[in-house]
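S.K.: start_33.tsv is reproduced in full below (TSV, C-alpha atoms).
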```tsv
chain	number	residue	atom	x	y	z
A	1452	MET	CA	67.87	106.66	105.10
A	1453	GLU	CA	70.62	104.61	103.47
A	1454	GLN	CA	71.68	105.80	100.07
A	1455	PRO	CA	74.82	105.31	97.99
A	1456	LEU	CA	76.52	108.37	96.59
A	1457	PRO	CA	73.73	109.64	94.33
A	1458	THR	CA	75.36	109.87	90.92
A	1459	ALA	CA	74.93	107.86	87.79
A	1460	ALA	CA	78.70	108.14	87.25
A	1461	ALA	CA	79.35	106.59	90.65
A	1462	GLU	CA	77.08	103.67	89.84
A	1463	ALA	CA	78.73	103.23	86.45
A	1464	ALA	CA	82.17	103.32	88.07
A	1465	ALA	CA	81.11	100.77	90.65
A	1466	GLY	CA	79.67	98.54	87.97
A	1467	GLY	CA	77.38	96.89	90.49
A	1468	GLY	CA	78.42	93.30	90.99
A	1469	ASP	CA	81.40	92.10	89.04
A	1470	GLY	CA	79.39	89.46	87.24
A	1471	ASP	CA	82.25	87.02	87.73
A	1472	GLY	CA	80.93	85.13	90.73
A	1473	GLU	CA	83.33	86.87	93.07
A	1474	ALA	CA	82.62	86.82	96.77
A	1475	TYR	CA	83.10	90.60	96.96
A	1476	ARG	CA	81.04	93.33	95.37
A	1477	ILE	CA	82.68	96.68	94.54
A	1478	ARG	CA	80.20	99.50	95.08
A	1479	PRO	CA	79.94	103.13	96.24
A	1480	LEU	CA	80.09	103.90	99.93
A	1481	GLU	CA	76.72	103.96	101.73
A	1482	LEU	CA	75.67	105.58	104.99
A	1483	ALA	CA	75.11	102.13	106.51
A	1484	ASP	CA	78.77	101.29	105.93
A	1485	ILE	CA	79.62	102.84	109.27
A	1486	SER	CA	78.17	99.65	110.79
A	1487	ARG	CA	79.86	97.39	108.21
A	1488	GLY	CA	83.38	98.21	109.39
A	1489	PHE	CA	84.28	101.19	107.18
A	1490	LEU	CA	85.95	103.22	109.93
A	1491	GLY	CA	87.84	100.20	111.26
A	1492	LEU	CA	89.07	99.54	107.74
A	1493	LEU	CA	90.35	103.11	107.40
A	1494	ASN	CA	91.98	102.78	110.81
A	1495	GLN	CA	94.19	100.03	109.34
A	1496	LEU	CA	95.46	102.61	106.86
A	1497	SER	CA	95.95	105.48	109.28
A	1498	PRO	CA	95.03	105.24	112.96
A	1499	SER	CA	92.76	108.07	113.99
A	1500	PRO	CA	90.30	108.93	116.75
A	1501	PRO	CA	86.81	107.43	116.41
A	1502	LEU	CA	84.11	109.31	114.50
A	1503	THR	CA	80.59	109.73	115.78
A	1504	GLU	CA	77.77	108.59	113.57
A	1505	GLU	CA	76.73	112.25	113.25
A	1506	ALA	CA	80.21	113.26	112.04
A	1507	PHE	CA	80.25	110.36	109.58
A	1508	ARG	CA	76.82	111.33	108.25
A	1509	ALA	CA	77.82	115.01	107.89
A	1510	ARG	CA	80.99	114.14	105.95
A	1511	PHE	CA	79.12	111.59	103.81
A	1512	GLU	CA	76.54	114.24	102.84
A	1513	GLU	CA	79.27	116.81	102.17
A	1514	LEU	CA	81.07	114.41	99.82
A	1515	ALA	CA	77.82	113.31	98.15
A	1516	ALA	CA	77.17	116.98	97.34
A	1517	LEU	CA	80.35	116.94	95.22
A	1518	GLY	CA	78.67	114.46	92.91
A	1519	ALA	CA	80.92	112.51	90.59
A	1520	ASP	CA	83.96	114.62	91.53
A	1521	HIS	CA	84.40	112.50	94.67
A	1522	LEU	CA	83.85	108.76	94.70
A	1523	VAL	CA	84.48	106.35	97.55
A	1524	LEU	CA	84.29	102.68	96.62
A	1525	VAL	CA	84.17	99.73	98.97
A	1526	ALA	CA	84.49	95.99	98.52
A	1527	GLU	CA	81.72	94.23	100.43
A	1528	ASP	CA	81.91	90.56	101.38
A	1529	ALA	CA	78.74	89.11	99.86
A	1530	ALA	CA	78.48	86.46	102.57
A	1531	THR	CA	78.92	88.64	105.65
A	1532	GLY	CA	78.17	92.20	104.51
A	1533	ARG	CA	81.47	93.34	106.06
A	1534	LEU	CA	83.74	95.66	104.14
A	1535	ALA	CA	87.09	94.26	103.08
A	1536	ALA	CA	88.57	97.12	101.02
A	1537	ALA	CA	88.04	100.77	100.20
A	1538	GLY	CA	89.49	103.59	98.13
A	1539	ALA	CA	88.58	107.05	96.89
A	1540	VAL	CA	89.18	109.26	93.89
A	1541	LEU	CA	88.86	113.03	93.90
A	1542	VAL	CA	88.60	114.93	90.63
A	1543	GLU	CA	90.51	118.21	90.64
A	1544	ARG	CA	89.48	120.83	88.11
A	1545	LYS	CA	92.50	122.65	86.68
A	1546	PHE	CA	93.15	125.75	84.61
A	1547	ILE	CA	96.08	124.15	82.80
A	1548	ARG	CA	95.60	121.65	80.00
A	1549	ARG	CA	92.60	123.61	78.69
A	1550	CYS	CA	90.81	123.43	82.02
A	1551	GLY	CA	91.72	119.78	82.36
A	1552	ARG	CA	90.95	117.44	85.22
A	1553	VAL	CA	93.21	115.29	87.38
A	1554	GLY	CA	92.15	112.30	89.44
A	1555	HIS	CA	93.70	111.86	92.88
A	1556	VAL	CA	93.49	108.33	94.29
A	1557	GLU	CA	93.40	108.34	98.09
A	1558	ASP	CA	92.81	106.12	101.11
A	1559	VAL	CA	93.20	102.74	99.44
A	1560	VAL	CA	93.11	100.00	102.06
A	1561	VAL	CA	92.45	96.27	102.18
A	1562	ASP	CA	91.56	94.54	105.42
A	1563	ALA	CA	94.53	92.54	106.74
A	1564	ALA	CA	92.44	89.33	106.67
A	1565	ALA	CA	91.46	89.85	103.01
A	1566	ARG	CA	94.81	90.78	101.46
A	1567	GLY	CA	96.16	88.79	98.55
A	1568	ARG	CA	92.77	88.34	96.87
A	1569	GLY	CA	93.12	91.14	94.32
A	1570	LEU	CA	90.61	93.43	96.06
A	1571	GLY	CA	92.96	96.41	96.19
A	1572	GLU	CA	93.72	96.14	92.50
A	1573	ARG	CA	90.03	95.83	91.64
A	1574	VAL	CA	89.17	98.92	93.69
A	1575	VAL	CA	92.04	100.96	92.20
A	1576	ARG	CA	91.13	99.96	88.65
A	1577	ARG	CA	87.51	101.05	89.21
A	1578	LEU	CA	88.70	104.38	90.64
A	1579	VAL	CA	90.95	104.93	87.62
A	1580	GLU	CA	88.10	104.11	85.24
A	1581	HIS	CA	85.88	106.59	87.06
A	1582	ALA	CA	88.54	109.30	86.66
A	1583	ARG	CA	88.94	108.45	82.97
A	1584	GLY	CA	85.18	108.67	82.55
A	1585	ARG	CA	85.21	112.11	84.18
A	1586	GLY	CA	87.68	113.29	81.52
A	1587	CYS	CA	90.83	113.28	83.64
A	1588	TYR	CA	94.07	113.51	81.66
A	1589	LYS	CA	95.97	111.75	84.45
A	1590	VAL	CA	95.46	109.98	87.75
A	1591	ILE	CA	98.01	110.40	90.51
A	1592	LEU	CA	98.57	109.07	94.01
A	1593	ASN	CA	101.08	109.04	96.83
A	1594	CYS	CA	102.28	105.82	98.40
A	1595	THR	CA	105.03	104.39	100.52
A	1596	PRO	CA	108.04	102.86	98.72
A	1597	GLU	CA	106.97	99.32	99.62
A	1598	LEU	CA	103.67	99.80	97.75
A	1599	THR	CA	105.17	100.93	94.44
A	1600	GLY	CA	105.08	97.34	93.11
A	1601	PHE	CA	101.38	97.05	93.87
A	1602	TYR	CA	100.58	100.31	92.09
A	1603	ALA	CA	102.81	99.35	89.16
A	1604	LYS	CA	100.56	96.27	88.73
A	1605	CYS	CA	97.68	98.75	88.49
A	1606	GLY	CA	99.44	100.63	85.67
A	1607	PHE	CA	101.03	103.48	87.63
A	1608	VAL	CA	104.63	104.58	87.06
A	1609	GLU	CA	106.92	106.38	89.47
A	1610	LYS	CA	107.05	110.10	88.69
A	1611	ASN	CA	108.47	113.08	90.60
A	1612	VAL	CA	108.86	113.30	94.36
A	1613	GLN	CA	106.16	113.69	96.98
A	1614	MET	CA	106.62	116.42	99.59
A	1615	GLY	CA	104.43	116.94	102.61
A	1616	LEU	CA	103.75	119.57	105.23
A	1617	TYR	CA	101.69	118.26	108.12
A	1618	PHE	CA	99.87	120.26	110.79
```
Before anything else, please render the file you have as structure tokens.
M.R.:
Amino acid sequence: MEQPLPTAAAEAAAGGGDGDGEAYRIRPLELADISRGFLGLLNQLSPSPPLTEEAFRARFEELAALGADHLVLVAEDAATGRLAAAGAVLVERKFIRRCGRVGHVEDVVVDAAARGRGLGERVVRRLVEHARGRGCYKVILNCTPELTGFYAKCGFVEKNVQMGLYF
């Protein structure tokens, strides 16, 4: 059964269609998106082994159980149904800042054939608005140096240094 992430906050963040006649609709990830190119899109961001439909479904259900604290948005081509962009925001609950919340933007990708149309910016702005609506006091992300200009257009400023430990 195909269902978007089942939260009112996710629907509000997605805003349904943009209402501006755009050819792409920003909306929450659905189970059926495995057949609309979601995994291939993510593979453009970070190549990884293929996922089975069962693994995709299990992870989808796990993330849906987090409710509005995890939102994956996609940009769907209205004409073809194919996905052209995606991004996620995770809401971290903190003890500092009076038990504040921080939004973490992750896995933002635009299909190579759809770049330059503003889809990435539209997805990021929706993710930021979702985090703001969840009461986050900041939204952070990691990116490569060549993408800092793109994220600056989305309102982000360079702050601190990212460190990583990979396994």
S.K.: Tell me which of A:Gly1600, A:Gly1538, A:Pro1479, A:Gly1586 sits closest to Gly1571 of chain A, counting all atoms listed in the file.
M.R.: A:Gly1538
S.K.: May I have a table of the residues of segment 1516-1565 of chain A lying at most 8 Å from segment 1484-1492 of chain A, giving each one's closest pair of atoms and their distance in Å to one decimal, counting only C-alpha atoms, ordered by chain and ascending residue number, as JSON lines?
M.R.:
```
{"residue": "A:Gly1532", "atom": "CA", "partner": "A:Arg1487", "partner_atom": "CA", "distance": 6.6}
{"residue": "A:Arg1533", "atom": "CA", "partner": "A:Arg1487", "partner_atom": "CA", "distance": 4.9}
{"residue": "A:Leu1534", "atom": "CA", "partner": "A:Gly1488", "partner_atom": "CA", "distance": 5.8}
{"residue": "A:Ala1535", "atom": "CA", "partner": "A:Leu1492", "partner_atom": "CA", "distance": 7.3}
{"residue": "A:Ala1536", "atom": "CA", "partner": "A:Leu1492", "partner_atom": "CA", "distance": 7.2}
{"residue": "A:Ala1537", "atom": "CA", "partner": "A:Leu1492", "partner_atom": "CA", "distance": 7.7}
{"residue": "A:Val1560", "atom": "CA", "partner": "A:Leu1492", "partner_atom": "CA", "distance": 7.0}
{"residue": "A:Val1561", "atom": "CA", "partner": "A:Leu1492", "partner_atom": "CA", "distance": 7.3}
{"residue": "A:Asp1562", "atom": "CA", "partner": "A:Leu1492", "partner_atom": "CA", "distance": 6.0}
```
S.K.: Atom CA of Pro1500 of chain A and atom CA of Tyr1617 of chain A are how many Å apart?
M.R.: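 Interatomic distance here is 17.1 Å.
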S.K.: Could you give me, as a list in words, the residues within 12 Å of segment 1609-1616 of chain A, counting only C-alpha atoms and dropping anything in the same chain fewer than 4 positions from it?
M.R.: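 The residues satisfying every condition are Lys1589, Val1590, Ile1591, Leu1592, Asn1593, Cys1594, Thr1595, Pro1596, Leu1598, Thr1599, Gly1600, Phe1601, Tyr1602, Ala1603 and Lys1604 of chain A.
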S.K.: Could you give me, as a PyMOL selection string, the residues within 10 Å of Leu1514 of chain A, counting all atoms listed in the file and dropping anything in the same chain fewer than 6 positions from it?
M.R.: chain A and resi 1456+1508+1520-1523+1541
S.K.: Write a file of the just-selected residues containing C-alpha atoms, as a compact mmCIF listing (two decimals), keeping the file's coordinate frame.
M.R.:
```txt
# COMPACT_ATOMS: atom_id res chain seq x y z
CA LEU A 1456 76.52 108.37 96.59
CA ARG A 1508 76.82 111.33 108.25
CA ASP A 1520 83.96 114.62 91.53
CA HIS A 1521 84.40 112.50 94.67
CA LEU A 1522 83.85 108.76 94.70
CA VAL A 1523 84.48 106.35 97.55
CA LEU A 1541 88.86 113.03 93.90
```
S.K.: If I take atom CA of Glu1572 of chain A and atom CA of Tyr1475 of chain A, how far is one from the other in Å, to one decimal?
M.R.: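 Atom CA of Tyr1475 of chain A lies 12.8 Å from atom CA of Glu1572 of chain A.
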S.K.: I'd like to know which of A:Ala1564, A:Leu1496, A:Val1542, A:Leu1570 is closest to Ala1526 of chain A, using only C-alpha atoms.
M.R.: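 Using only C-alpha atoms, Ala1526 of chain A sits closest to A:Leu1570.
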S.K.: Kindly indicate which residue among A:Glu1504, A:Glu1543, A:Glu1473, A:Glu1513 lies nearest to Cys1587 of chain A, using only C-alpha atoms for the distances.
M.R.: A:Glu1543
S.K.: Taking all atoms listed in the file into account, which of A:Ala1565, A:Ala1474, A:Val1553, A:Ala1530 comes nearest Ala1582 of chain A?
M.R.: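 Closest candidate: A:Val1553.
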S.K.: Around all the atoms of segment 1522-1535 of chain A listed in the file, with 6 Å of room on each side, what axis-aligned box do you get, giving centre and edge lengths in Å to one decimal, as AutoDock Vina command-line options?
M.R.:
```
--center_x 82.6 --center_y 97.6 --center_z 100.4 --size_x 20.9 --size_y 34.3 --size_z 23.4
```
S.K.: Would you compute the distance between atom CA of Ala1509 of chain A and atom CA of Glu1481 of chain A? Give it in Å to one decimal.
M.R.: 12.7 Å
S.K.: Nearest to Gly1551 of chain A among A:Phe1607, A:Ala1483, A:Arg1576, A:Arg1583, with distances taken over only C-alpha atoms: which residue is it?
M.R.: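 Going through A:Phe1607, A:Ala1483, A:Arg1576, A:Arg1583 one by one, the smallest distance to Gly1551 of chain A is for A:Arg1583.
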